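Asker: mmCIF, C-alpha atoms, file entry28.cif:
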data_structure
loop_
_atom_site.label_atom_id
_atom_site.label_comp_id
_atom_site.auth_asym_id
_atom_site.auth_seq_id
_atom_site.Cartn_x
_atom_site.Cartn_y
_atom_site.Cartn_z
CA MET A 297 2.10 -15.38 -16.70
CA ALA A 298 1.61 -15.80 -20.44
CA ASN A 299 3.64 -19.00 -20.79
CA GLU A 300 3.45 -20.17 -17.19
CA LYS A 301 1.12 -23.02 -16.29
CA ILE A 302 -0.60 -22.80 -12.93
CA LYS A 303 -2.12 -26.10 -11.79
CA MET A 304 -4.21 -26.69 -8.70
CA LYS A 305 -5.48 -30.00 -7.39
CA THR A 306 -9.14 -29.85 -6.48
CA GLU A 307 -11.65 -32.19 -4.96
CA PRO A 308 -15.39 -32.06 -5.61
CA ARG A 309 -17.63 -31.08 -2.74
CA THR A 310 -21.28 -31.92 -2.32
CA GLU A 311 -22.25 -29.82 0.68
CA GLN A 312 -23.12 -26.20 0.14
CA GLY A 313 -24.07 -23.30 2.36
CA SER A 314 -22.30 -21.21 4.95
CA CYS A 315 -22.16 -23.91 7.64
CA ALA A 316 -20.60 -26.42 5.24
CA ALA A 317 -18.13 -23.79 3.98
CA SER A 318 -17.11 -22.99 7.57
CA ARG A 319 -16.47 -26.67 8.26
CA LEU A 320 -14.29 -26.87 5.13
CA ARG A 321 -12.26 -23.84 6.21
CA ARG A 322 -11.72 -25.28 9.70
CA ALA A 323 -10.53 -28.53 8.08
CA GLY A 324 -7.90 -26.61 6.06
CA SER A 325 -9.71 -26.21 2.73
CA VAL A 326 -10.92 -23.26 0.65
CA PRO A 327 -14.35 -23.69 -0.99
CA ALA A 328 -14.69 -22.63 -4.61
CA ALA A 329 -17.19 -22.64 -7.46
CA VAL A 330 -16.46 -23.31 -11.14
CA ASN A 331 -18.91 -21.96 -13.72
CA ARG A 332 -18.92 -24.43 -16.61
CA ILE A 333 -19.04 -23.58 -20.33
CA GLY A 334 -22.06 -25.80 -20.89
CA GLY A 335 -23.94 -24.20 -18.00
CA GLY A 336 -24.14 -25.15 -14.39
CA THR A 337 -21.70 -24.87 -11.55
CA THR A 338 -19.29 -27.40 -10.08
CA LEU A 339 -18.47 -27.01 -6.40
CA VAL A 340 -14.85 -27.80 -5.48
CA LYS A 341 -12.40 -27.34 -2.62
CA PHE A 342 -8.65 -26.62 -2.48
CA ASP A 343 -6.02 -27.24 0.13
CA ALA A 344 -5.81 -23.83 1.85
CA HIS A 345 -2.01 -23.86 2.15
CA ASP A 346 -1.47 -24.64 -1.56
CA PHE A 347 -4.04 -22.05 -2.62
CA LYS A 348 -2.46 -19.28 -0.49
CA ALA A 349 1.00 -20.19 -1.83
CA MET A 350 -0.27 -19.91 -5.42
CA LEU A 351 -1.85 -16.51 -4.72
CA ARG A 352 1.37 -15.17 -3.16
CA HIS A 353 3.24 -15.60 -6.44
CA HIS A 354 0.69 -13.78 -8.62
CA ALA A 355 -0.50 -10.20 -8.35
CA SER A 356 -3.44 -10.38 -10.72
CA GLU A 357 -6.74 -11.92 -9.68
CA GLN A 358 -7.66 -12.77 -13.27
CA MET A 359 -5.33 -15.57 -14.20
CA LEU A 360 -5.49 -18.82 -16.09
CA VAL A 361 -5.52 -21.79 -13.71
CA THR A 362 -5.73 -25.44 -14.76
CA LEU A 363 -7.81 -27.32 -12.23
CA GLU A 364 -7.14 -31.04 -11.81
CA LEU A 365 -10.61 -32.38 -11.05
CA GLU A 366 -11.39 -36.09 -10.90
CA GLY A 367 -8.59 -37.07 -13.26
CA GLN A 368 -9.21 -34.43 -15.92
CA GLU A 369 -7.62 -31.04 -16.48
CA LEU A 370 -10.01 -28.12 -16.67
CA PRO A 371 -8.75 -24.75 -18.00
CA THR A 372 -10.34 -21.97 -15.95
CA LEU A 373 -10.03 -18.26 -15.38
CA MET A 374 -9.92 -17.20 -11.74
CA ARG A 375 -12.50 -14.41 -11.54
CA GLU A 376 -12.64 -13.48 -7.87
CA VAL A 377 -11.17 -14.36 -4.50
CA GLN A 378 -12.96 -13.37 -1.29
CA TYR A 379 -10.82 -12.72 1.78
CA ASP A 380 -11.56 -12.74 5.50
CA VAL A 381 -11.51 -9.13 6.70
CA MET A 382 -9.78 -9.96 9.97
CA THR A 383 -7.14 -12.49 8.92
CA GLY A 384 -6.69 -11.70 5.24
CA TYR A 385 -6.92 -15.41 4.35
CA PRO A 386 -8.88 -16.45 1.26
CA ILE A 387 -12.31 -17.83 2.17
CA HIS A 388 -13.85 -18.48 -1.28
CA ALA A 389 -12.85 -18.38 -4.95
CA ASP A 390 -14.83 -18.20 -8.19
CA PHE A 391 -13.60 -19.68 -11.47
CA SER A 392 -15.00 -19.80 -15.00
CA GLU A 393 -14.20 -22.63 -17.40
CA VAL A 394 -12.69 -21.27 -20.63
CA SER A 395 -11.91 -22.55 -24.09
CA LEU A 396 -8.23 -22.12 -24.96
CA THR A 397 -9.17 -21.30 -28.58
CA LYS A 398 -11.73 -18.52 -27.95
CA LYS A 399 -10.88 -14.96 -26.96
CA ILE A 400 -12.14 -13.67 -23.64
CA ARG A 401 -12.39 -10.17 -22.16
CA VAL A 402 -10.23 -9.51 -19.11
CA SER A 403 -9.04 -6.49 -17.17
CA ILE A 404 -5.23 -6.33 -17.02
CA PRO A 405 -3.42 -3.97 -14.60
CA VAL A 406 -1.22 -1.18 -15.98
CA ARG A 407 2.10 -0.66 -14.18
CA VAL A 408 3.92 2.65 -14.62
CA VAL A 409 7.71 2.26 -14.90
CA GLY A 410 10.48 4.83 -15.15
CA GLU A 411 10.89 8.31 -13.74
CA PRO A 412 9.36 11.03 -15.92
CA GLU A 413 11.54 13.89 -17.08
CA GLY A 414 8.89 16.31 -15.78
CA VAL A 415 9.34 14.94 -12.26
CA LYS A 416 13.11 14.54 -12.32
CA VAL A 417 14.05 17.86 -13.93
CA GLU A 418 11.02 20.17 -13.78
CA GLY A 419 9.67 19.38 -10.29
CA GLY A 420 6.33 17.94 -11.38
CA ILE A 421 4.27 15.15 -9.81
CA LEU A 422 3.33 11.96 -11.64
CA GLN A 423 -0.31 10.90 -11.33
CA GLN A 424 -1.50 7.52 -12.57
CA MET A 425 -5.08 7.98 -13.74
CA LEU A 426 -5.82 4.48 -15.06
CA ARG A 427 -4.99 1.30 -13.14
CA SER A 428 -6.13 -1.33 -15.67
CA VAL A 429 -7.27 -1.75 -19.28
CA ASP A 430 -9.92 -4.08 -20.71
CA VAL A 431 -8.72 -6.31 -23.54
CA ASP A 432 -9.88 -9.32 -25.54
CA CYS A 433 -7.25 -12.06 -25.87
CA LEU A 434 -6.77 -15.80 -25.83
CA PRO A 435 -6.54 -17.25 -22.31
CA MET A 436 -2.90 -18.28 -22.83
CA ASP A 437 -2.00 -14.63 -23.62
CA ILE A 438 -3.19 -13.21 -20.29
CA VAL A 439 -0.33 -11.42 -18.52
CA GLU A 440 0.06 -10.19 -14.92
CA HIS A 441 0.34 -6.54 -16.04
CA PHE A 442 1.30 -4.23 -18.89
CA ASP A 443 4.36 -2.06 -18.27
CA VAL A 444 4.09 1.54 -19.47
CA ASP A 445 7.31 3.56 -19.71
CA VAL A 446 6.72 7.16 -18.60
CA SER A 447 10.36 8.29 -18.56
CA GLY A 448 9.81 10.54 -21.61
CA LEU A 449 6.91 12.51 -20.08
CA LYS A 450 7.57 16.21 -19.57
CA LEU A 451 5.63 18.68 -17.44
CA ASP A 452 1.94 19.00 -18.51
CA GLN A 453 2.12 15.96 -20.81
CA SER A 454 -0.04 12.86 -20.61
CA LEU A 455 0.19 9.27 -21.77
CA PHE A 456 -3.04 7.90 -23.24
CA VAL A 457 -4.46 4.45 -23.94
CA HIS A 458 -3.88 4.99 -27.69
CA ASP A 459 -0.14 5.27 -26.89
CA LEU A 460 -0.08 1.63 -25.72
CA HIS A 461 1.53 -0.81 -28.15
CA LEU A 462 0.19 -4.19 -27.09
CA GLY A 463 0.60 -6.10 -30.36
CA ASP A 464 -1.80 -8.20 -32.38
CA LYS A 465 -2.67 -10.56 -29.51
CA TYR A 466 -4.78 -7.96 -27.71
CA THR A 467 -7.85 -5.97 -28.75
CA LEU A 468 -8.32 -2.90 -26.53
CA PHE A 469 -11.80 -2.06 -25.23
CA THR A 470 -10.85 0.80 -22.91
CA GLY A 471 -11.44 4.20 -24.53
CA LYS A 472 -8.45 5.32 -26.59
CA ASP A 473 -8.60 8.91 -25.28
CA VAL A 474 -8.42 7.92 -21.60
CA ALA A 475 -5.28 9.19 -19.83
CA ILE A 476 -3.07 6.55 -18.20
CA ALA A 477 -0.64 8.94 -16.51
CA THR A 478 -0.04 12.67 -16.43
#
The structure in this file should be written as structure tokens.

Answerer:
Amino acid sequence: MANEKIKMKTEPRTEQGSCAASRLRRAGSVPAAVNRIGGGTTLVKFDAHDFKAMLRHHASEQMLVTLELEGQELPTLMREVQYDVMTGYPIHADFSEVSLTKKIRVSIPVRVVGEPEGVKVEGGILQQMLRSVDVDCLPMDIVEHFDVDVSGLKLDQSLFVHDLHLGDKYTLFTGKDVAIAT
């Protein structure tokens, strides 16, 4: 996602509360809230079909989304999506406005790739201990996930956070001695 621009058209909404949100959902919209940098919250709504289509193409819930609101583009970070427990459809989303020049702290998933030598040859079992790492980065540098190659792991070996090579764009905040996979 680092170089991909996600844009969503939004419309402001004035009504708030559960009854108003239910009416929006029945009309084919998803209610959302945008926390602004200067303070305050802007209430918006999305077309439900467009919002679900956008979510289908992205695994991470923390992603940079440019909201088109009343003729201006607003860079935001999608913080949370709430889903209906019966249907699985999104029923509400929370966004935070971000500055594209200031670093922010996000949690990025860790994806284990490769087949460890300890599993393939020695009959071991791979266990992934850590599912995500916390990093500080610019909003444009947020990625869907970090890939970690475990193909060199032998029996009774572990891969730790300090073994990650993320580059200068990212500052790690997860403990360096935490095991990712063993």

Asker: Run through the PyMOL selection byres ((chain A and resi 420-428) around 7) on the given coordinates and return the selected residues as a list in words.

Answerer: Ser403, Ile404, Pro405, Val406, Gly414, Val415, Glu418, Gly419, Val429, Asp430, Leu451, Ala475, Ile476, Ala477 and Thr478 of chain A

Asker: Using the chain letters and numbers from this file, what does the PyMOL selection byres ((chain A and resi 448) around 7) select? Give the answer as a PDB file with C-alpha atoms, keeping the file's coordinate frame.

Answerer:
ATOM      1  CA  PRO A 412       9.360  11.030 -15.920  1.00  0.00           C
ATOM      2  CA  GLU A 413      11.540  13.890 -17.080  1.00  0.00           C
ATOM      3  CA  VAL A 446       6.720   7.160 -18.600  1.00  0.00           C
ATOM      4  CA  SER A 447      10.360   8.290 -18.560  1.00  0.00           C
ATOM      5  CA  LEU A 449       6.910  12.510 -20.080  1.00  0.00           C
ATOM      6  CA  LYS A 450       7.570  16.210 -19.570  1.00  0.00           C
TER       7      LYS A 450
END

Asker: Calculated over only C-alpha atoms, which of the candidates A:Arg401, A:Lys416, A:Arg309, A:His345 has the smallest distance to Phe469 (chain A)?

Answerer: A:Arg401

Asker: Please provide the set of residues having any atom within 12 Å of Gly334 (chain A), restricted to all atoms listed in the file, with same-chain residues fewer than 4 positions apart removed, written as a CSV table (one decimal) with C-alpha atoms, in the frame of the given file.

Answerer:
chain,number,residue,atom,x,y,z
A,330,VAL,CA,-16.5,-23.3,-11.1
A,338,THR,CA,-19.3,-27.4,-10.1
A,392,SER,CA,-15.0,-19.8,-15.0
A,393,GLU,CA,-14.2,-22.6,-17.4
A,394,VAL,CA,-12.7,-21.3,-20.6
A,395,SER,CA,-11.9,-22.6,-24.1

Asker: Please determine the residues with any atom at most 10 Å from (-15.4, -22.4, 3.4) (coordinates as given in the file, with only C-alpha atoms counting) and report them as a list in words.

Answerer: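 Answer for this query, in the requested form: Gln312, Gly313, Ser314, Cys315, Ala316, Ala317, Ser318, Arg319, Leu320, Arg321, Arg322, Ala323, Gly324, Ser325, Val326, Pro327, Ala328, Lys341, Phe342, Ala344, Pro386, Ile387, His388 and Ala389 of chain A.
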
Asker: Quick one: region 335-347 of chain A with N, CA, C and O atoms, as a short mmCIF file (atom, residue, chain, number, x, y, z; two decimals), in the first residue's frame?

Answerer:
data_model
loop_
_atom_site.label_atom_id
_atom_site.label_comp_id
_atom_site.auth_asym_id
_atom_site.auth_seq_id
_atom_site.Cartn_x
_atom_site.Cartn_y
_atom_site.Cartn_z
N GLY A 335 -8.76 19.15 16.52
CA GLY A 335 -9.74 18.83 17.54
C GLY A 335 -11.11 18.73 16.92
O GLY A 335 -11.39 19.28 15.86
N GLY A 336 -11.99 18.05 17.56
CA GLY A 336 -13.33 17.89 17.06
C GLY A 336 -13.46 16.67 16.16
O GLY A 336 -12.47 16.03 15.80
N THR A 337 -14.71 16.39 15.84
CA THR A 337 -15.02 15.23 15.02
C THR A 337 -15.97 15.64 13.91
O THR A 337 -16.90 16.40 14.14
N THR A 338 -15.71 15.14 12.71
CA THR A 338 -16.60 15.37 11.57
C THR A 338 -17.31 14.06 11.28
O THR A 338 -16.68 13.02 11.12
N LEU A 339 -18.64 14.12 11.23
CA LEU A 339 -19.44 12.93 10.93
C LEU A 339 -19.66 12.85 9.42
O LEU A 339 -20.06 13.84 8.80
N VAL A 340 -19.39 11.67 8.84
CA VAL A 340 -19.51 11.49 7.39
C VAL A 340 -20.23 10.17 7.13
O VAL A 340 -20.46 9.37 8.04
N LYS A 341 -20.56 9.95 5.85
CA LYS A 341 -21.14 8.68 5.43
C LYS A 341 -20.54 8.30 4.09
O LYS A 341 -20.16 9.15 3.30
N PHE A 342 -20.43 6.97 3.86
CA PHE A 342 -19.91 6.40 2.62
C PHE A 342 -21.01 5.62 1.94
O PHE A 342 -21.92 5.12 2.60
N ASP A 343 -20.85 5.41 0.65
CA ASP A 343 -21.68 4.44 -0.05
C ASP A 343 -21.22 3.06 0.41
O ASP A 343 -20.03 2.74 0.36
N ALA A 344 -22.14 2.24 0.91
CA ALA A 344 -21.80 0.94 1.49
C ALA A 344 -21.11 0.03 0.49
O ALA A 344 -20.13 -0.65 0.82
N HIS A 345 -21.57 0.01 -0.75
CA HIS A 345 -20.98 -0.87 -1.77
C HIS A 345 -19.53 -0.47 -2.04
O HIS A 345 -18.64 -1.33 -2.10
N ASP A 346 -19.26 0.81 -2.22
CA ASP A 346 -17.89 1.28 -2.48
C ASP A 346 -16.97 0.99 -1.30
O ASP A 346 -15.81 0.61 -1.47
N PHE A 347 -17.49 1.18 -0.08
CA PHE A 347 -16.68 0.97 1.11
C PHE A 347 -16.32 -0.51 1.26
O PHE A 347 -15.17 -0.86 1.53
#
